[in-house]
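This report refers to the structure that appears directly beneath it.
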Protein chains: 2
Amino acid sequence: MTEHSSPARPGRWRTGAESKQRILDAARALFREHGYGGTTVRAVAAAAEVDSAMVFYFFGSKQGLFAAAVEMSAQLPPAIESIFADGLDGIGERMIRTLVETIDASGRTPLAMLTRPARTNDQSETLIREYIDREITGRVATLLGTPDAAFRAGMVNVQLLGLTVARYIVRIEPIASSSVDELVSRFGPLVQDCLTESNQKVL
Amino acid sequence: MTEHSSPARPGRWRTGAESKQRILDAARALFREHGYGGTTVRAVAAAAEVDSAMVFYFFGSKQGLFAAAVEMSAQLPPAIESIFADGLDGIGERMIRTLVETIDASGRTPLAMLTRPARTNDQSETLIREYIDREITGRVATLLGTPDAAFRAGMVNVQLLGLTVARYIVRIEPIASSSVDELVSRFGPLVQDCLTESNQKVL
DNA sequence: CTCCTTTCTTCACCGCTGATGAAGTTCAAG
DNA sequence: CTTGAACTTCATCAGCGGTGAAGAAAGGAG
């Protein structure tokens, strides 16, 4: 059984670009609503009024469709630059503000990446890890220059990761419904402490 | 095709308890290694040398098997009690130590919960949220008594969640391979600050 | 206009998954 | 010995991600 009721007329009857766009729109909506695992390729195809094979024709695989739907490239990088451009002073606030504002603005789409493909387990984990290492850890470490810079960068990552998961994935209150300013004023100093304070307690 | 090579002899040839235990052992090992989505019921059955239908006979569904395999009940609660028993002083260190030691000891089994069942999306999320609210947030809030207690409790949750995700899921270095003591000495004061410090910056 | 190639579209499959129902076997109690 | 519950197997289901072939429309070349 196919997923359309049209007169079963194969061949070219729309431009490829239009079909591709319909698929992308449907995919974005469904991924956002049901997550990666909760969305089937067939459902996307049905919503786009298209044969499911077309999804694979255009995007190769479900992962490819997902990647295209969230266009996970070069969206944060410019913002990240401005974080580190102004040095250590107030960098905590800038980090929190950039993180929250960016994710809020993007309709939390890329977060579905954490709602993972299941079987390709380690793959997406190492993807996230590499991204974090490349964009955050390295810069923080060089900016600090102290011997425990790596650990401090790790602590910053914990803050960012924890805030993201709490606000967007698990939705813990009152974090999930707080304003950006409130989060910045609360977590900014905390991140700052991770970097500048001598926060190691003697054993 | 079935997943065994025995002489195809149906009927009772082992005690139910033994089969159930074999299934549970196999499930724990496979869930731990491949996560929820990466483990198939058939694979569990094969590892337990049992027909896949038996898994459903005993546990009803894959979710039921998973729930039974991680016996997600009454494992942390006693430890949680002792955290709050000694008051605010040093509670940050106790939290971090309890969290990390418990998860390390349990072979990170319950963490597979975050490697989620995909389709039952919101369900497992609200499960986690309710657990956190019930065990952590409430106690912290009553222990503090300040007007911003709820937010401070939320900040603590961010710390715990972030540390857990960073260390066990995404495995960010050097967090993932740090010793318990190092984590306690670094994150303990941070958690303590969330609770006791006047960490709100004026807007 | 015809032919041919490329692009788009459909359809019939494949192996796999989680899950169900019936039937058969074994065992203990009445 | 009979009966009924507990246990096991098997055949089967619908749905999944994904593939390959083949058909239909459009465009360029002659």
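By order in the structure tokens, chains are A, B, ...; within a chain, residues start at 1; ligands start at 1, following the order shown.
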
* Counting only C-alpha atoms (C1' of nucleotides), which residues of chain C come no farther than 10 Å from chain A, as an MDAnalysis selection string? -> chainID C and resid 7:12

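Between chain A and the residues B:Arg22, B:Arg97, B:His34, B:Arg139, the shortest atom-to-atom distance, using only C-alpha atoms, involves B:His34.
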
* **Distance filter 12 Å, only C-alpha atoms (C1' of nucleotides), chain D against chain B, as a VMD selection string** => chain D and resid 5 to 12

For the residues in that selection, give me N, CA and C atoms (P, O5', C5', C4', C3', O3' and C1' of nucleotides) as a short mmCIF file (atom, residue, chain, number, x, y, z; two decimals), in the first residue's frame.
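Produced file part-v7.cif, reproduced below:
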```cif
data_model
loop_
_atom_site.label_atom_id
_atom_site.label_comp_id
_atom_site.auth_asym_id
_atom_site.auth_seq_id
_atom_site.Cartn_x
_atom_site.Cartn_y
_atom_site.Cartn_z
P DA D 5 -7.09 -22.49 36.02
"O5'" DA D 5 -5.66 -21.90 36.43
"C5'" DA D 5 -5.06 -22.32 37.63
"C4'" DA D 5 -3.60 -22.64 37.38
"C3'" DA D 5 -2.81 -21.52 36.69
"O3'" DA D 5 -1.71 -21.18 37.51
"C1'" DA D 5 -2.38 -23.61 35.67
P DA D 6 -0.85 -19.89 37.23
"O5'" DA D 6 0.50 -20.45 36.61
"C5'" DA D 6 1.26 -21.37 37.38
"C4'" DA D 6 2.36 -21.95 36.52
"C3'" DA D 6 3.20 -20.89 35.79
"O3'" DA D 6 4.57 -21.21 35.97
"C1'" DA D 6 2.38 -22.50 34.26
P DC D 7 5.72 -20.20 35.53
"O5'" DC D 7 6.17 -20.80 34.12
"C5'" DC D 7 6.68 -22.11 34.08
"C4'" DC D 7 6.70 -22.61 32.65
"C3'" DC D 7 7.51 -21.77 31.65
"O3'" DC D 7 8.60 -22.55 31.24
"C1'" DC D 7 5.48 -22.59 30.71
P DT D 8 9.88 -21.86 30.48
"O5'" DT D 8 9.56 -22.19 28.96
"C5'" DT D 8 9.59 -23.55 28.52
"C4'" DT D 8 8.99 -23.66 27.13
"C3'" DT D 8 9.62 -22.75 26.07
"O3'" DT D 8 10.44 -23.53 25.22
"C1'" DT D 8 7.23 -22.94 25.85
P DT D 9 11.25 -22.85 24.03
"O5'" DT D 9 10.25 -23.06 22.81
"C5'" DT D 9 9.81 -24.38 22.52
"C4'" DT D 9 8.76 -24.32 21.41
"C3'" DT D 9 9.22 -23.57 20.16
"O3'" DT D 9 9.14 -24.44 19.05
"C1'" DT D 9 7.05 -22.86 20.85
P DC D 10 9.84 -24.06 17.67
"O5'" DC D 10 8.59 -23.57 16.81
"C5'" DC D 10 7.35 -24.28 16.92
"C4'" DC D 10 6.26 -23.51 16.21
"C3'" DC D 10 6.74 -22.72 14.99
"O3'" DC D 10 5.93 -23.06 13.88
"C1'" DC D 10 5.48 -21.33 16.44
P DA D 11 6.43 -22.69 12.42
"O5'" DA D 11 5.10 -22.01 11.86
"C5'" DA D 11 3.83 -22.35 12.43
"C4'" DA D 11 2.88 -21.17 12.30
"C3'" DA D 11 3.11 -20.32 11.04
"O3'" DA D 11 1.86 -20.07 10.42
"C1'" DA D 11 3.17 -18.95 12.98
P DT D 12 1.79 -19.27 9.04
"O5'" DT D 12 1.42 -17.79 9.53
"C5'" DT D 12 0.44 -17.62 10.56
"C4'" DT D 12 0.47 -16.21 11.09
"C3'" DT D 12 0.71 -15.14 10.01
"O3'" DT D 12 -0.51 -14.46 9.76
"C1'" DT D 12 1.84 -14.67 12.06
#
```

* **Which of stretch 42-103 of chain B fall in helix (DSSP H, G or I), as a ChimeraX atom specification** => /B:42-47,52-59,62-70,77-85,91-103

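Every protein, DNA or RNA residue with an atom at most 12 Å from C:DC16, where only C-alpha atoms (C1' of nucleotides) count and chain neighbours fewer than 2 positions away do not, is listed here: Thr40, Val41, Arg42 and Ala43 of chain B; DC14 and DG18 of chain C; DG15, DC16, DG17 and DG18 of chain D.
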
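The spacing separating atom CA of A:Met95 from atom CA of A:Ile83 amounts to 6.3 Å.
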
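The space between atom CA of B:Asp148 and atom CA of A:Gln159 spans 19.7 Å.
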
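For the pair atom CA of A:Arg186 and atom CA of B:Glu101, the interatomic distance is 28.1 Å.
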
* **Counting only C-alpha atoms, the residue of B:Val191, B:Ala69, B:Val180, B:Ala166 that sits nearest chain A** => B:Ala166

Near-A:Phe59 list (8 Å; only C-alpha atoms (C1' of nucleotides); drop same-chain fewer than 5 positions) as a short mmCIF file (atom, residue, chain, number, x, y, z; two decimals) with C-alpha atoms, in the first residue's frame:
```cif
data_model
loop_
_atom_site.label_atom_id
_atom_site.label_comp_id
_atom_site.auth_asym_id
_atom_site.auth_seq_id
_atom_site.Cartn_x
_atom_site.Cartn_y
_atom_site.Cartn_z
CA GLY A 64 20.08 12.60 6.07
CA LEU A 65 16.56 13.94 6.15
CA ALA A 68 18.80 18.56 6.25
#
```

* **Polymer residues at most 8 Å from B:Phe56, only C-alpha atoms (C1' of nucleotides), same-chain spacing of 5 or more positions, as a PyMOL selection string** => (chain B and resi 61-62) or (chain C and resi 19)

Write the residues of the preceding selection, restricted to N, CA and C atoms (P, O5', C5', C4', C3', O3' and C1' of nucleotides), as a PDB file, in the first residue's frame.
```pdb
ATOM      1  N   SER B  61       6.011  -6.192  27.572  1.00  0.00           N
ATOM      2  CA  SER B  61       6.479  -5.343  26.480  1.00  0.00           C
ATOM      3  C   SER B  61       7.962  -5.076  26.659  1.00  0.00           C
ATOM      4  N   LYS B  62       8.551  -4.461  25.648  1.00  0.00           N
ATOM      5  CA  LYS B  62       9.966  -4.109  25.749  1.00  0.00           C
ATOM      6  C   LYS B  62      10.166  -3.112  26.885  1.00  0.00           C
TER       7      LYS B  62
ATOM      8  P    DA C  19       6.691  -4.022  22.379  1.00  0.00           P
ATOM      9  O5'  DA C  19       5.630  -5.011  21.743  1.00  0.00           O
ATOM     10  C5'  DA C  19       4.609  -4.480  20.899  1.00  0.00           C
ATOM     11  C4'  DA C  19       3.722  -5.626  20.423  1.00  0.00           C
ATOM     12  C3'  DA C  19       3.166  -6.524  21.530  1.00  0.00           C
ATOM     13  O3'  DA C  19       1.767  -6.327  21.631  1.00  0.00           O
ATOM     14  C1'  DA C  19       3.892  -7.769  19.630  1.00  0.00           C
TER      15       DA C  19
END
```

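The smallest atom-to-atom distance between chain B and any of A:Ala46, A:Ala85, A:Ala27, A:Val158, using only C-alpha atoms, is found for A:Val158.
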
Need the shell around D:DG30: protein/DNA/RNA residues with any atom at most 12 Å away, counting only C-alpha atoms (C1' of nucleotides). Skip same-chain ones fewer than 4 positions apart. Format as a PDB file with N, CA and C atoms (P, O5', C5', C4', C3', O3' and C1' of nucleotides), in the first residue's frame?
```
ATOM      1  P    DC C   1       5.931  18.779 -33.607  1.00  0.00           P
ATOM      2  O5'  DC C   1       5.619  17.579 -34.566  1.00  0.00           O
ATOM      3  C5'  DC C   1       6.207  17.658 -35.900  1.00  0.00           C
ATOM      4  C4'  DC C   1       7.233  16.549 -36.070  1.00  0.00           C
ATOM      5  C3'  DC C   1       7.170  15.471 -35.004  1.00  0.00           C
ATOM      6  O3'  DC C   1       7.360  14.199 -35.633  1.00  0.00           O
ATOM      7  C1'  DC C   1       9.342  16.423 -35.021  1.00  0.00           C
ATOM      8  P    DT C   2       7.191  12.835 -34.746  1.00  0.00           P
ATOM      9  O5'  DT C   2       8.706  12.481 -34.454  1.00  0.00           O
ATOM     10  C5'  DT C   2       9.579  12.223 -35.557  1.00  0.00           C
ATOM     11  C4'  DT C   2      10.949  11.815 -35.037  1.00  0.00           C
ATOM     12  C3'  DT C   2      10.940  10.712 -34.000  1.00  0.00           C
ATOM     13  O3'  DT C   2      12.015   9.833 -34.287  1.00  0.00           O
ATOM     14  C1'  DT C   2      12.054  12.606 -33.130  1.00  0.00           C
ATOM     15  P    DC C   3      12.119   8.405 -33.598  1.00  0.00           P
ATOM     16  O5'  DC C   3      13.379   8.592 -32.635  1.00  0.00           O
ATOM     17  C5'  DC C   3      14.619   9.015 -33.189  1.00  0.00           C
ATOM     18  C4'  DC C   3      15.569   9.382 -32.069  1.00  0.00           C
ATOM     19  C3'  DC C   3      15.603   8.374 -30.910  1.00  0.00           C
ATOM     20  O3'  DC C   3      16.951   8.037 -30.645  1.00  0.00           O
ATOM     21  C1'  DC C   3      15.253  10.582 -30.101  1.00  0.00           C
ATOM     22  P    DC C   4      17.364   6.865 -29.697  1.00  0.00           P
ATOM     23  O5'  DC C   4      18.100   7.669 -28.544  1.00  0.00           O
ATOM     24  C5'  DC C   4      18.766   8.910 -28.860  1.00  0.00           C
ATOM     25  C4'  DC C   4      19.116   9.630 -27.563  1.00  0.00           C
ATOM     26  C3'  DC C   4      19.240   8.693 -26.364  1.00  0.00           C
ATOM     27  O3'  DC C   4      20.345   9.116 -25.589  1.00  0.00           O
ATOM     28  C1'  DC C   4      17.615  10.343 -25.918  1.00  0.00           C
TER      29       DC C   4
END
```
